[in-house]
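Colleague: structure.txt is reproduced below (compact mmCIF, C-alpha atoms and all ligand atoms).
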```txt
# COMPACT_ATOMS: atom_id res chain seq x y z
CA MET F 1 58.60 -44.74 1.34
CA LYS F 2 56.19 -42.18 -0.14
CA GLN F 3 58.25 -42.32 -3.32
CA ASP F 4 56.78 -45.75 -4.02
CA VAL F 5 53.74 -44.08 -5.55
CA PRO F 6 54.56 -42.52 -8.91
CA PRO F 7 53.79 -38.80 -9.03
CA PRO F 8 50.88 -37.61 -11.16
CA TYR F 9 51.79 -37.46 -14.85
CA THR F 10 51.24 -33.70 -15.01
CA ALA F 11 54.37 -33.31 -12.85
CA VAL F 12 56.56 -34.43 -15.74
CA THR F 13 55.44 -31.91 -18.35
CA GLN F 14 58.25 -29.50 -17.65
CA HIS F 15 59.54 -28.17 -20.95
CA ALA F 16 57.87 -26.34 -23.79
CA MET F 17 58.31 -29.09 -26.41
CA PHE F 18 56.60 -31.74 -24.28
CA PRO F 19 53.37 -33.09 -25.86
CA LYS F 20 50.44 -31.88 -23.78
CA PRO F 21 48.19 -34.65 -22.45
CA ALA F 22 44.46 -34.19 -22.05
CA HIS F 23 42.91 -35.23 -18.74
CA ASP F 24 42.08 -38.80 -19.80
CA GLU F 25 45.44 -39.31 -21.49
CA ALA F 26 47.26 -38.26 -18.31
CA ALA F 27 44.97 -40.61 -16.36
CA ARG F 28 45.94 -43.50 -18.68
CA TYR F 29 49.65 -42.82 -18.09
CA ASN F 30 49.01 -42.60 -14.36
CA PHE F 31 47.30 -45.99 -14.49
CA LEU F 32 50.16 -47.48 -16.53
CA ALA F 33 52.87 -46.06 -14.27
CA ASN F 34 51.17 -47.59 -11.23
CA PHE F 35 50.39 -50.82 -13.04
CA ASN F 36 54.03 -51.21 -14.12
CA LYS F 37 55.17 -50.58 -10.59
CA HIS F 38 52.68 -53.13 -9.27
CA MET F 39 53.83 -55.66 -11.86
CA ALA F 40 57.49 -55.15 -11.01
CA GLY F 41 56.81 -55.38 -7.26
CA THR F 42 53.84 -57.23 -5.82
CA LEU F 43 52.81 -59.20 -8.92
CA GLY F 44 56.40 -59.77 -10.07
CA ALA F 45 57.15 -61.56 -6.81
CA GLY F 46 54.65 -64.22 -7.92
CA ASN F 47 57.09 -65.33 -10.62
CA LYS F 48 59.70 -66.34 -8.05
CA LEU F 49 57.03 -68.10 -6.03
CA ALA F 50 55.81 -69.97 -9.12
CA TYR F 51 59.39 -70.94 -9.96
CA GLU F 52 60.27 -72.19 -6.50
CA THR F 53 57.04 -73.96 -5.66
CA ARG F 54 55.94 -75.38 -9.04
CA VAL F 55 58.29 -74.92 -11.95
CA LEU F 56 61.63 -75.88 -10.38
CA PRO F 57 60.30 -79.00 -8.59
CA ALA F 58 58.62 -80.13 -11.84
CA PHE F 59 61.82 -79.48 -13.82
CA ARG F 60 63.89 -81.45 -11.31
CA ALA F 61 61.40 -84.32 -11.37
CA GLU F 62 61.56 -84.44 -15.16
CA HIS F 63 65.31 -83.89 -15.71
CA GLY F 64 66.90 -84.95 -12.43
CA ARG F 65 68.83 -81.65 -12.26
CA ASN F 66 68.40 -77.86 -12.04
CA PRO F 67 67.96 -75.70 -15.16
CA GLN F 68 71.37 -74.93 -16.61
CA ASP F 69 70.71 -71.55 -18.14
CA ARG F 70 68.15 -68.75 -18.57
CA PHE F 71 66.73 -70.40 -21.68
CA GLU F 72 65.79 -73.58 -19.84
CA VAL F 73 64.18 -71.49 -17.11
CA ARG F 74 62.19 -69.57 -19.75
CA HIS F 75 60.91 -72.69 -21.50
CA ALA F 76 59.76 -74.10 -18.17
CA MET F 77 58.26 -70.82 -16.90
CA ASN F 78 56.40 -70.21 -20.16
CA ARG F 79 54.18 -73.14 -19.25
CA ASP F 80 53.29 -71.70 -15.85
CA PRO F 81 49.84 -70.01 -15.69
CA TRP F 82 50.93 -67.24 -13.31
CA HIS F 83 53.92 -66.31 -15.40
CA ARG F 84 51.82 -66.36 -18.57
CA LEU F 85 49.29 -64.00 -17.00
CA TRP F 86 52.00 -61.66 -15.70
CA SER F 87 53.78 -61.72 -19.04
CA ALA F 88 50.59 -60.95 -20.98
CA CYS F 89 49.82 -58.02 -18.63
CA ARG F 90 53.31 -56.62 -19.08
CA ARG F 91 53.19 -56.88 -22.86
CA ASN F 92 49.75 -55.26 -22.88
CA ALA F 93 50.97 -52.44 -20.65
CA MET F 94 53.67 -51.70 -23.22
CA GLU F 95 51.20 -51.75 -26.10
CA MET F 96 48.83 -49.46 -24.16
CA ARG F 97 51.70 -47.09 -23.43
CA GLN F 98 52.52 -46.87 -27.14
CA GLN F 99 48.86 -46.41 -28.06
CA ASN F 100 48.43 -43.60 -25.54
CA GLY F 101 51.68 -41.86 -26.50
CA ARG F 102 50.90 -42.06 -30.20
CA SER F 103 47.37 -40.73 -29.80
CA ILE F 104 48.61 -37.81 -27.66
CA VAL F 105 51.27 -36.94 -30.21
CA LEU F 106 49.34 -37.48 -33.43
CA ARG F 107 46.40 -35.30 -32.48
CA GLN F 108 48.76 -32.35 -31.83
CA LEU F 109 51.42 -33.16 -34.41
CA ASP F 110 50.82 -29.96 -36.40
CA ALA F 111 51.49 -27.87 -33.30
CA LEU F 112 54.49 -29.97 -32.22
CA ASP F 113 56.09 -29.83 -35.66
CA ALA F 114 55.53 -26.07 -35.86
CA LEU F 115 57.03 -25.54 -32.41
CA ALA F 116 60.05 -27.72 -33.24
CA ARG F 117 60.60 -25.76 -36.45
CA GLU F 118 60.50 -22.54 -34.43
CA PHE F 119 63.01 -23.80 -31.84
CA ASN F 120 65.28 -25.31 -34.49
CA ALA F 121 65.25 -22.35 -36.91
CA GLY F 122 68.34 -20.19 -37.11
CA ARG F 123 70.49 -22.55 -35.03
CA ASP F 124 73.59 -24.28 -36.35
CA THR F 125 73.44 -26.99 -33.70
CA LEU F 126 71.21 -29.44 -35.59
CA THR F 127 72.78 -31.26 -38.54
CA LEU F 128 70.60 -33.73 -40.39
CA ASN F 129 72.02 -35.85 -43.18
CA PRO F 130 69.49 -37.79 -45.27
CA LYS F 131 72.35 -39.90 -46.63
CA VAL F 132 72.76 -41.58 -43.25
CA ALA F 133 71.02 -44.93 -43.53
CA VAL F 134 69.05 -46.44 -40.68
CA PRO F 135 71.03 -49.60 -39.84
CA ARG F 136 69.29 -52.82 -40.86
CA TYR F 137 69.22 -54.06 -37.25
CA GLN F 138 67.16 -50.95 -36.36
CA ALA F 139 64.94 -50.86 -39.44
CA ALA F 140 63.93 -54.52 -39.19
CA VAL F 141 62.03 -54.22 -35.91
CA ASP F 142 59.69 -51.83 -34.07
CA ILE F 143 61.99 -51.65 -31.09
CA HIS F 144 60.24 -52.15 -27.73
CA CYS F 145 56.88 -52.16 -29.56
CA MET F 146 57.34 -48.53 -30.61
CA PRO F 147 55.45 -48.21 -33.92
CA GLY F 148 57.95 -47.05 -36.54
CA SER F 149 60.81 -47.29 -34.05
CA TYR F 150 63.02 -44.18 -33.64
CA HIS F 151 63.19 -43.31 -37.32
CA GLY F 152 59.52 -43.67 -38.39
CA GLU F 153 57.73 -40.56 -39.64
CA GLU F 154 54.01 -39.92 -39.97
CA ARG F 155 54.96 -37.42 -42.63
CA PRO F 156 58.35 -36.25 -43.86
CA GLY F 157 60.25 -34.03 -41.46
CA ASP F 158 58.12 -34.63 -38.37
CA VAL F 159 58.98 -35.11 -34.68
CA SER F 160 56.40 -37.81 -33.90
CA ALA F 161 58.86 -40.53 -32.84
CA GLY F 162 60.78 -38.25 -30.50
CA ALA F 163 57.65 -36.76 -29.00
CA ASN F 164 56.10 -40.19 -28.38
CA TYR F 165 59.34 -41.43 -26.80
CA ASP F 166 59.54 -38.48 -24.38
CA SER F 167 55.85 -38.58 -23.58
CA GLY F 168 55.79 -42.21 -22.41
CA LEU F 169 59.05 -42.70 -20.50
CA PHE F 170 57.14 -41.74 -17.38
CA ALA F 171 54.75 -44.67 -17.72
CA THR F 172 57.47 -47.29 -18.19
CA THR F 173 59.67 -45.96 -15.38
CA GLY F 174 56.98 -44.84 -12.94
CA GLY F 175 58.45 -41.33 -12.94
CA GLN F 176 61.66 -42.67 -11.38
CA LEU F 177 63.82 -40.87 -13.93
CA GLY F 178 62.50 -37.47 -12.89
CA ALA F 179 60.44 -34.67 -14.36
CA LEU F 180 62.73 -34.47 -17.39
CA ASN F 181 63.31 -38.23 -17.70
CA ASP F 182 66.98 -37.46 -17.21
CA GLY F 183 67.84 -39.37 -14.02
CA GLY F 184 70.53 -41.27 -15.93
CA GLY F 185 72.23 -38.08 -17.10
CA GLN F 186 71.95 -36.53 -13.64
CA ALA F 187 73.58 -39.66 -12.27
CA LEU F 188 76.47 -39.27 -14.72
CA VAL F 189 77.07 -35.74 -13.47
CA GLU F 190 77.07 -36.91 -9.84
CA TRP F 191 79.39 -39.78 -10.69
CA ILE F 192 82.01 -37.75 -12.55
CA ARG F 193 82.03 -35.03 -9.89
CA ARG F 194 82.88 -37.66 -7.28
CA GLU F 195 85.25 -39.63 -9.51
CA ARG F 196 87.24 -36.71 -10.98
CA PRO F 197 86.53 -33.54 -9.00
CA GLY F 198 87.51 -30.51 -11.02
CA TRP F 199 87.83 -32.38 -14.35
CA SER F 200 86.47 -30.38 -17.23
CA PRO F 201 86.28 -32.29 -20.50
CA ARG F 202 86.61 -30.05 -23.56
CA ARG F 203 84.53 -32.25 -25.88
CA ILE F 204 81.93 -34.88 -25.02
CA LEU F 205 80.30 -37.29 -27.47
CA ASP F 206 77.07 -39.20 -26.82
CA LEU F 207 76.43 -42.17 -29.13
CA GLY F 208 72.79 -43.12 -29.82
CA ALA F 209 71.49 -40.12 -27.91
CA THR F 210 67.83 -40.44 -29.06
CA ILE F 211 66.20 -37.21 -27.77
CA GLY F 212 69.33 -36.25 -25.81
CA HIS F 213 67.52 -36.35 -22.45
CA ASN F 214 70.49 -37.95 -20.68
CA ILE F 215 73.19 -35.83 -22.28
CA VAL F 216 71.54 -32.45 -21.56
CA PRO F 217 72.55 -32.66 -17.85
CA LEU F 218 76.21 -33.12 -18.89
CA ALA F 219 76.01 -30.17 -21.28
CA GLN F 220 74.57 -28.12 -18.41
CA ALA F 221 77.19 -29.35 -15.94
CA PHE F 222 80.04 -28.48 -18.34
CA PRO F 223 78.85 -25.28 -20.05
CA GLU F 224 82.32 -24.63 -21.51
CA ALA F 225 82.43 -28.05 -23.18
CA GLU F 226 81.39 -28.73 -26.75
CA VAL F 227 78.91 -31.59 -26.49
CA VAL F 228 77.82 -33.64 -29.51
CA ALA F 229 74.87 -36.06 -29.54
CA ILE F 230 74.69 -38.38 -32.53
CA ASP F 231 71.94 -40.70 -33.70
CA THR F 232 70.89 -42.27 -37.00
CA ALA F 233 67.20 -41.34 -36.59
CA ALA F 234 66.19 -37.87 -37.79
CA PRO F 235 62.79 -37.54 -35.99
CA VAL F 236 64.30 -38.02 -32.52
CA LEU F 237 67.09 -35.56 -33.35
CA ARG F 238 64.65 -32.89 -34.54
CA TYR F 239 62.64 -33.29 -31.36
CA GLY F 240 65.71 -33.61 -29.12
CA HIS F 241 67.31 -30.46 -30.49
CA ALA F 242 64.10 -28.48 -30.06
CA ARG F 243 63.77 -29.88 -26.53
CA ALA F 244 67.34 -28.82 -25.66
CA GLN F 245 66.62 -25.34 -27.07
CA ALA F 246 63.44 -25.15 -24.99
CA LEU F 247 65.61 -25.91 -21.95
CA GLY F 248 68.05 -23.16 -22.92
CA VAL F 249 70.98 -25.51 -23.67
CA ARG F 250 73.26 -24.00 -26.32
CA ASN F 251 76.49 -26.03 -26.13
CA LEU F 252 74.92 -29.28 -27.39
CA ARG F 253 74.95 -30.23 -31.08
CA PHE F 254 72.67 -32.91 -32.51
CA VAL F 255 74.11 -34.68 -35.53
CA GLN F 256 72.61 -37.41 -37.69
CA MET F 257 75.47 -39.87 -37.95
CA ASP F 258 76.10 -43.59 -37.75
CA ALA F 259 78.34 -44.40 -34.76
CA GLU F 260 80.02 -47.06 -36.86
CA HIS F 261 81.17 -44.38 -39.30
CA MET F 262 82.33 -41.27 -37.52
CA GLU F 263 84.93 -40.30 -40.13
CA ALA F 264 83.86 -36.67 -39.69
CA PHE F 265 85.64 -36.69 -36.30
CA PRO F 266 89.44 -36.89 -36.19
CA ASP F 267 91.30 -39.41 -34.01
CA GLY F 268 91.38 -38.46 -30.32
CA HIS F 269 88.85 -35.62 -30.72
CA PHE F 270 86.73 -36.21 -27.61
CA ASP F 271 87.69 -36.32 -23.93
CA TRP F 272 84.58 -38.33 -23.08
CA VAL F 273 82.67 -40.84 -25.20
CA GLN F 274 79.38 -41.79 -23.54
CA THR F 275 76.62 -44.31 -24.21
CA THR F 276 73.49 -44.55 -22.06
CA MET F 277 71.22 -47.59 -22.30
CA TYR F 278 72.39 -47.95 -25.89
CA LEU F 279 74.56 -51.04 -26.29
CA HIS F 280 71.69 -53.50 -25.76
CA GLU F 281 70.00 -52.28 -28.96
CA LEU F 282 73.01 -52.97 -31.18
CA SER F 283 73.55 -56.07 -33.27
CA GLY F 284 76.38 -58.44 -32.41
CA LYS F 285 78.31 -57.19 -35.43
CA SER F 286 77.79 -53.46 -34.92
CA LEU F 287 78.54 -53.32 -31.17
CA PRO F 288 82.29 -54.11 -31.39
CA ALA F 289 82.62 -51.91 -34.49
CA ILE F 290 81.01 -48.97 -32.66
CA ILE F 291 83.19 -49.44 -29.60
CA ARG F 292 86.28 -49.52 -31.86
CA GLU F 293 85.19 -46.31 -33.57
CA GLY F 294 84.43 -44.73 -30.18
CA VAL F 295 87.93 -45.59 -28.95
CA ARG F 296 89.42 -44.09 -32.10
CA VAL F 297 87.77 -40.70 -31.54
CA LEU F 298 88.60 -40.76 -27.79
CA ALA F 299 91.59 -38.67 -26.71
CA PRO F 300 94.45 -40.29 -24.78
CA GLY F 301 93.57 -39.94 -21.09
CA GLY F 302 89.86 -39.65 -22.01
CA LEU F 303 86.89 -41.52 -20.61
CA MET F 304 84.70 -44.10 -22.32
CA PHE F 305 81.61 -44.84 -20.20
CA HIS F 306 78.74 -47.19 -20.97
CA LEU F 307 75.69 -47.01 -18.71
CA GLU F 308 73.75 -50.27 -19.01
CA GLN F 309 71.91 -52.96 -17.13
CA PRO F 310 74.35 -55.49 -15.61
CA GLN F 311 75.90 -58.15 -17.82
CA TYR F 312 74.92 -61.74 -17.07
CA SER F 313 77.63 -63.58 -15.19
CA ASP F 314 78.09 -66.89 -13.42
CA ASP F 315 77.37 -65.02 -10.18
CA MET F 316 73.90 -63.99 -11.39
CA PRO F 317 71.29 -66.70 -10.66
CA VAL F 318 69.76 -68.17 -13.83
CA PHE F 319 66.29 -67.17 -12.60
CA GLU F 320 67.36 -63.51 -12.45
CA GLN F 321 68.91 -63.79 -15.91
CA PHE F 322 65.62 -65.24 -17.19
CA LEU F 323 63.60 -62.34 -15.72
CA ARG F 324 66.02 -59.75 -17.12
CA ASP F 325 65.70 -61.47 -20.49
CA TRP F 326 61.95 -60.89 -20.63
CA ASP F 327 62.18 -57.94 -23.01
CA ALA F 328 64.16 -59.95 -25.55
CA PHE F 329 61.31 -62.39 -26.11
CA ASN F 330 58.24 -60.28 -25.33
CA ASN F 331 59.08 -56.67 -26.02
CA ASN F 332 60.89 -56.52 -29.37
CA GLU F 333 64.39 -56.19 -27.94
CA PRO F 334 66.11 -58.66 -30.28
CA PHE F 335 69.69 -58.06 -29.08
CA TRP F 336 69.06 -57.75 -25.36
CA SER F 337 69.73 -61.38 -24.45
CA ALA F 338 72.87 -61.95 -26.50
CA MET F 339 74.30 -58.52 -25.69
CA HIS F 340 74.06 -59.07 -21.94
CA ALA F 341 76.00 -62.29 -22.29
CA LEU F 342 78.86 -60.66 -24.24
CA ASP F 343 82.35 -60.29 -22.88
CA LEU F 344 82.21 -56.49 -22.92
CA LYS F 345 85.56 -56.18 -21.21
CA GLY F 346 87.15 -58.33 -23.90
CA ILE F 347 85.53 -56.23 -26.63
CA MET F 348 86.76 -53.00 -25.04
CA ALA F 349 90.24 -54.49 -24.64
CA GLU F 350 90.35 -55.50 -28.30
CA ALA F 351 89.23 -52.00 -29.26
CA GLY F 352 92.29 -50.52 -27.54
CA LEU F 353 91.31 -50.07 -23.89
CA PRO F 354 93.52 -52.49 -21.93
CA ARG F 355 91.84 -54.36 -19.10
CA ASP F 356 93.86 -52.60 -16.43
CA CYS F 357 92.35 -49.27 -17.57
CA GLN F 358 88.81 -50.62 -17.32
CA PHE F 359 86.41 -50.57 -14.40
CA VAL F 360 82.84 -51.55 -13.61
CA THR F 361 80.82 -49.40 -11.27
CA GLY F 362 77.22 -49.04 -10.09
CA VAL F 363 75.40 -45.82 -10.92
CA ARG F 364 72.10 -44.89 -9.32
CA ALA F 365 69.62 -42.54 -10.97
CA VAL F 366 69.24 -39.21 -9.25
CA ALA F 367 65.70 -38.98 -7.89
CA ASP F 368 63.97 -35.71 -8.66
CA ARG F 369 62.98 -33.98 -5.44
CA SER F 370 60.73 -31.56 -7.29
CA ILE F 371 58.34 -34.45 -7.89
CA PHE F 372 59.49 -36.78 -5.09
CA PRO F 373 59.95 -34.45 -2.10
CA ASP F 374 60.90 -37.38 0.15
CA ALA F 375 63.37 -38.93 -2.27
CA PRO F 376 66.87 -39.64 -1.01
CA ALA F 377 69.78 -37.41 -2.00
CA PRO F 378 72.43 -39.05 -4.23
CA ASP F 379 74.63 -39.91 -1.22
CA GLU F 380 71.75 -41.19 0.98
CA GLU F 381 70.59 -44.81 1.25
CA ASP F 382 67.64 -45.30 -1.15
CA TYR F 383 66.65 -48.87 -0.21
CA GLY F 384 66.43 -49.81 -3.88
CA ARG F 385 63.80 -47.21 -4.74
CA THR F 386 65.58 -45.51 -7.63
CA ALA F 387 66.72 -46.98 -10.97
CA ARG F 388 70.22 -48.44 -11.05
CA TRP F 389 72.66 -49.26 -13.78
CA ASN F 390 76.00 -50.87 -14.13
CA ALA F 391 78.59 -48.83 -15.93
CA TYR F 392 81.41 -50.30 -17.95
CA GLY F 393 84.12 -47.70 -18.26
CA ALA F 394 87.75 -47.12 -19.10
CA TRP F 395 90.24 -44.28 -19.03
CA LYS F 396 92.16 -44.50 -22.28
CA PRO F 397 95.90 -44.76 -21.63
CA ALA F 398 97.73 -41.49 -22.11
CA GLU F 399 100.29 -41.66 -24.92
C1 LIG F 401 68.06 -47.29 -26.60
S1 LIG F 401 68.14 -45.85 -27.51
C2 LIG F 401 69.32 -44.93 -26.60
C3 LIG F 401 68.76 -44.29 -25.37
C4 LIG F 401 69.40 -43.00 -24.94
N1 LIG F 401 70.83 -42.98 -25.16
C5 LIG F 401 69.11 -42.71 -23.48
O1 LIG F 401 69.88 -41.95 -22.91
O2 LIG F 401 68.12 -43.20 -22.94
C6 LIG F 401 69.07 -46.29 -28.94
C7 LIG F 401 69.31 -45.15 -29.93
O3 LIG F 401 70.44 -45.48 -30.72
C8 LIG F 401 70.20 -45.08 -32.06
N2 LIG F 401 71.12 -45.89 -32.91
C9 LIG F 401 71.07 -47.20 -33.18
N3 LIG F 401 72.12 -47.57 -33.94
C10 LIG F 401 72.86 -46.46 -34.13
C11 LIG F 401 74.08 -46.20 -34.81
N4 LIG F 401 74.73 -47.16 -35.47
N5 LIG F 401 74.56 -44.96 -34.78
C12 LIG F 401 73.93 -43.96 -34.11
N6 LIG F 401 72.77 -44.16 -33.47
C13 LIG F 401 72.25 -45.38 -33.46
C14 LIG F 401 68.73 -45.32 -32.25
O4 LIG F 401 68.22 -44.56 -33.31
C15 LIG F 401 68.18 -44.92 -30.89
O5 LIG F 401 67.80 -43.57 -30.85
```
Here is a file; write its structure as structure tokens.
Ligand SMILES: C[S@@+](CC[C@H](N)C(=O)[O-])C[C@H]1O[C@@H](n2cnc3c(N)ncnc32)[C@H](O)[C@@H]1O
Modeller:
Amino acid sequence: MKQDVPPPYTAVTQHAMFPKPAHDEAARYNFLANFNKHMAGTLGAGNKLAYETRVLPAFRAEHGRNPQDRFEVRHAMNRDPWHRLWSACRRNAMEMRQQNGRSIVLRQLDALDALAREFNAGRDTLTLNPKVAVPRYQAAVDIHCMPGSYHGEERPGDVSAGANYDSGLFATTGGQLGALNDGGGQALVEWIRRERPGWSPRRILDLGATIGHNIVPLAQAFPEAEVVAIDTAAPVLRYGHARAQALGVRNLRFVQMDAEHMEAFPDGHFDWVQTTMYLHELSGKSLPAIIREGVRVLAPGGLMFHLEQPQYSDDMPVFEQFLRDWDAFNNNEPFWSAMHALDLKGIMAEAGLPRDCQFVTGVRAVADRSIFPDAPAPDEEDYGRTARWNAYGAWKPAE
């Protein structure tokens, strides 16, 4: 169980584009990584205790029944002193993470911008298009308390948003996504190798790729494939492309494009259309439109795969739904709650992926043994120590 302690922050600075932390900045991230872990584990358990011993009995006494949904649980829990304390600590940890990441990045922004320009120069694999508008549902909010969100710039043409994003993933995940924050992408590679041994997709598309950290492992696993990462936010693409270059990845293109409008790609162009922790940040209107457009550009026989947190269902206790909903009400994730209650399978079916082609599967992050020497291998029992997702996938019917 040594993996329970996050590795020191310095272990994650493994590519040339990564913003360099000073001693105290690394120490702050180390504190936050451990604090987040403590809040999720030991302190988080206090929420269940508060619910079972105080909040639920009081609710039953007042209403003569159990809470019916996650919203009723939230209203009741928001009056509980332990939950309020825990919630305030968690919100503060996120604000501190953003403050630390921003101060690391801003003090070395000249150097980071210059380095990105160097990595990006002379390559035809970064296509920015200033005509692509940031969707209203993205522009209206500083998503998960990230000042300026993904598209904000300190000055025109900079990489600040991408650099801050990369720099702080360690603190929010306790290093569980590995030295390159790519445990999700590594997991995709493991999954497809087991699911379709020998399959080699010719073209792969990642929607809402941000800095491309989770699509780089696929580009590396399929070096013959043409891999395209799209996003509406230029600063994360500039950083992501430079990062991929620093890692020596040449078959990955970064394109500024709205996933709702992918007219540049013909029907059936890609063998694999991927989203990773993306759908929960889309508005209720854009999500079905993006899935429809994704199905259009997917080749017959191709794979659509969405890596996400599990959808809420009748089988998931309302208390768990309430806890999972925390980010929606405390961490600027305005679509999280509604998105996790959507009928994703219905939306995929309407978009042209019949239900009998769909599947739901669990995908576990691949723990990085270079920083967690005792971490379990992908096929070993991990006793819940590594991050997990649910994936909602479909193989498009062949024509
Ligand atoms: C939660 S992040 C995705 C995380 C990333 N895929 C990963 O592997 O961790 C959401 C990203 O989607 C982008 N985005 C939002 N709406 C979009 C749209 N309509 N088209 C393309 N990108 C979009 C945002 O700019 C942001 O970078």
Colleague: Check every protein, DNA and RNA residue against ligand LIG 401 (chain F), keep those with an atom at most 9 Å away (counting only C-alpha atoms and all ligand atoms), and present them as a ChimeraX atom specification.
Modeller: /F:134-135,137-138,143,149-151,162,181-182,184-185,206-215,230-234,236-237,256-261,274-283,286-287,290,307
Colleague: Take atom CA of Ala398 of chain F and atom CA of Asn251 of chain F and report the distance between them in Å, one decimal.
Modeller: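 That distance, rounded to one decimal, is 26.6 Å.
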Colleague: If you count only C-alpha atoms, which residues fall within 10 Å of Trp86 of chain F, apart from same-chain ones fewer than 4 positions away, as a PyMOL selection string?
Modeller: chain F and resi 39-40+43-44+46-47+81-82+90-92
Colleague: Considering only C-alpha atoms, return as a ChimeraX atom specification whatever protein or nucleic-acid residues lie within 10 Å of segment 100-111 of chain F, sequence-local ones (same chain, fewer than 2 positions apart) excluded.
Modeller: /F:17-22,24-26,28-29,32,94-98,113-117,146-147,154-155,158-169,171
Colleague: Which residues are close to Leu353 of chain F, i.e. within 10 Å by all atoms listed in the file, leaving aside same-chain residues fewer than 4 positions away? Reply as a list of chain:residue names.
Modeller: F:Ile291, F:Arg292, F:Val295, F:Met304, F:Lys345, F:Gly346, F:Ile347, F:Met348, F:Ala349, F:Cys357, F:Gln358, F:Gly393, F:Ala394, F:Trp395, F:Lys396, F:Pro397
Colleague: With distances taken over all atoms listed in the file, which of F:Asn331, F:Thr173, F:Ala242, F:Phe59 is nearest to Asn30 of chain F?
Modeller: F:Thr173
Colleague: Counting all atoms listed in the file, find residues at most 12 Å from (59.9, -33.2, -5.3) (file frame) and give them as a PyMOL selection string.
Modeller: chain F and resi 2-3+6-8+11-12+175-176+178-179+366-377
Colleague: Using all atoms listed in the file, find the one residue out of F:Arg296, F:Arg243, F:Arg70, F:Arg250 that sits nearest to Ala219 of chain F.
Modeller: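 Checking each of F:Arg296, F:Arg243, F:Arg70, F:Arg250 against Ala219 of chain F, counting all atoms listed in the file, the winner is F:Arg250.
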Colleague: Quote the spacing between atom CA of His241 of chain F and atom CA of Gly157 of chain F in Å to one decimal place.
Modeller: 13.5 Å
Colleague: Which of these residues is nearest to Glu62 of chain F, using all atoms listed in the file: F:Ala391, F:Val249, F:Glu153, F:Ala76?
Modeller: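 Selected residue with least distance to Glu62 of chain F: F:Ala76.
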Colleague: Please determine the residues with any atom at most 9 Å from (65.7, -67.3, -15.4) (coordinates as given in the file, with all atoms listed in the file counting) and report them as a list in words.
Modeller: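 The answer, in the requested form, is Pro67, Asp69, Arg70, Phe71, Glu72, Val73, Arg74, Met77, Pro317, Val318, Phe319, Glu320, Gln321, Phe322, Leu323, Arg324 and Asp325 of chain F.
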Colleague: Give the answer as one residue: which of F:Leu188, F:Ala58, F:Leu252, F:Val141 has the shortest atom-to-atom distance to Gly240 of chain F, using all atoms listed in the file?
Modeller: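 Closest residue, counting all atoms listed in the file: F:Leu252.
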Colleague: Between F:Leu205, F:Glu263, F:Pro217, F:Lys285, single out the one closest to Arg136 of chain F, counting only C-alpha atoms.
Modeller: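 Looking at the shortest contact to Arg136 of chain F, the residue is F:Lys285.
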Colleague: With 4 Å on each side, where is the centre of the axis-aligned box around all listed atoms of segment 343-348 of chain F, and how long are its edges in Å to one decimal, as lines of an AutoDock Vina configuration file?
Modeller:
```
center_x = 84.7
center_y = -56.6
center_z = -23.9
size_x = 12.9
size_y = 15.3
size_z = 13.4
```
Colleague: Hey, can you check how far atom CA of Glu308 of chain F sits from atom CA of Ala45 of chain F?
Modeller: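 Calculated distance between atom CA of Glu308 of chain F and atom CA of Ala45 of chain F is 23.5 Å.
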Colleague: At a cut-off of 8 Å, using only C-alpha atoms, what residues contact segment 193-200 of chain F? Leave out same-chain residues fewer than 4 positions from it and give the result as a list in words.
Modeller: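 Counting only the stated atoms, we get Val189, Phe222 and Ala225 of chain F.
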Colleague: Would you output that residue set with C-alpha atoms, as a PDB file, keeping the file's coordinate frame?
Modeller:
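Okay, this is what ended up in selection_31.pdb:
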```pdb
ATOM      1  CA  VAL F 189      77.070 -35.740 -13.470  1.00  0.00           C
ATOM      2  CA  PHE F 222      80.040 -28.480 -18.340  1.00  0.00           C
ATOM      3  CA  ALA F 225      82.430 -28.050 -23.180  1.00  0.00           C
TER       4      ALA F 225
END
```
Colleague: Given only C-alpha atoms as the basis, pick out the residue of F:Tyr392, F:Phe270, F:Phe31, F:Phe119 nearest to Arg355 of chain F.
Modeller: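 With only C-alpha atoms as the atom set, the closest residue is F:Tyr392.
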Colleague: Which residues are near Gln311 of chain F? Cut-off 8 Å, only C-alpha atoms, ignore same chain within fewer than 2 positions. Put them as JSON, numbers by chain.
Modeller: {"F": [309, 313, 340, 341, 342]}
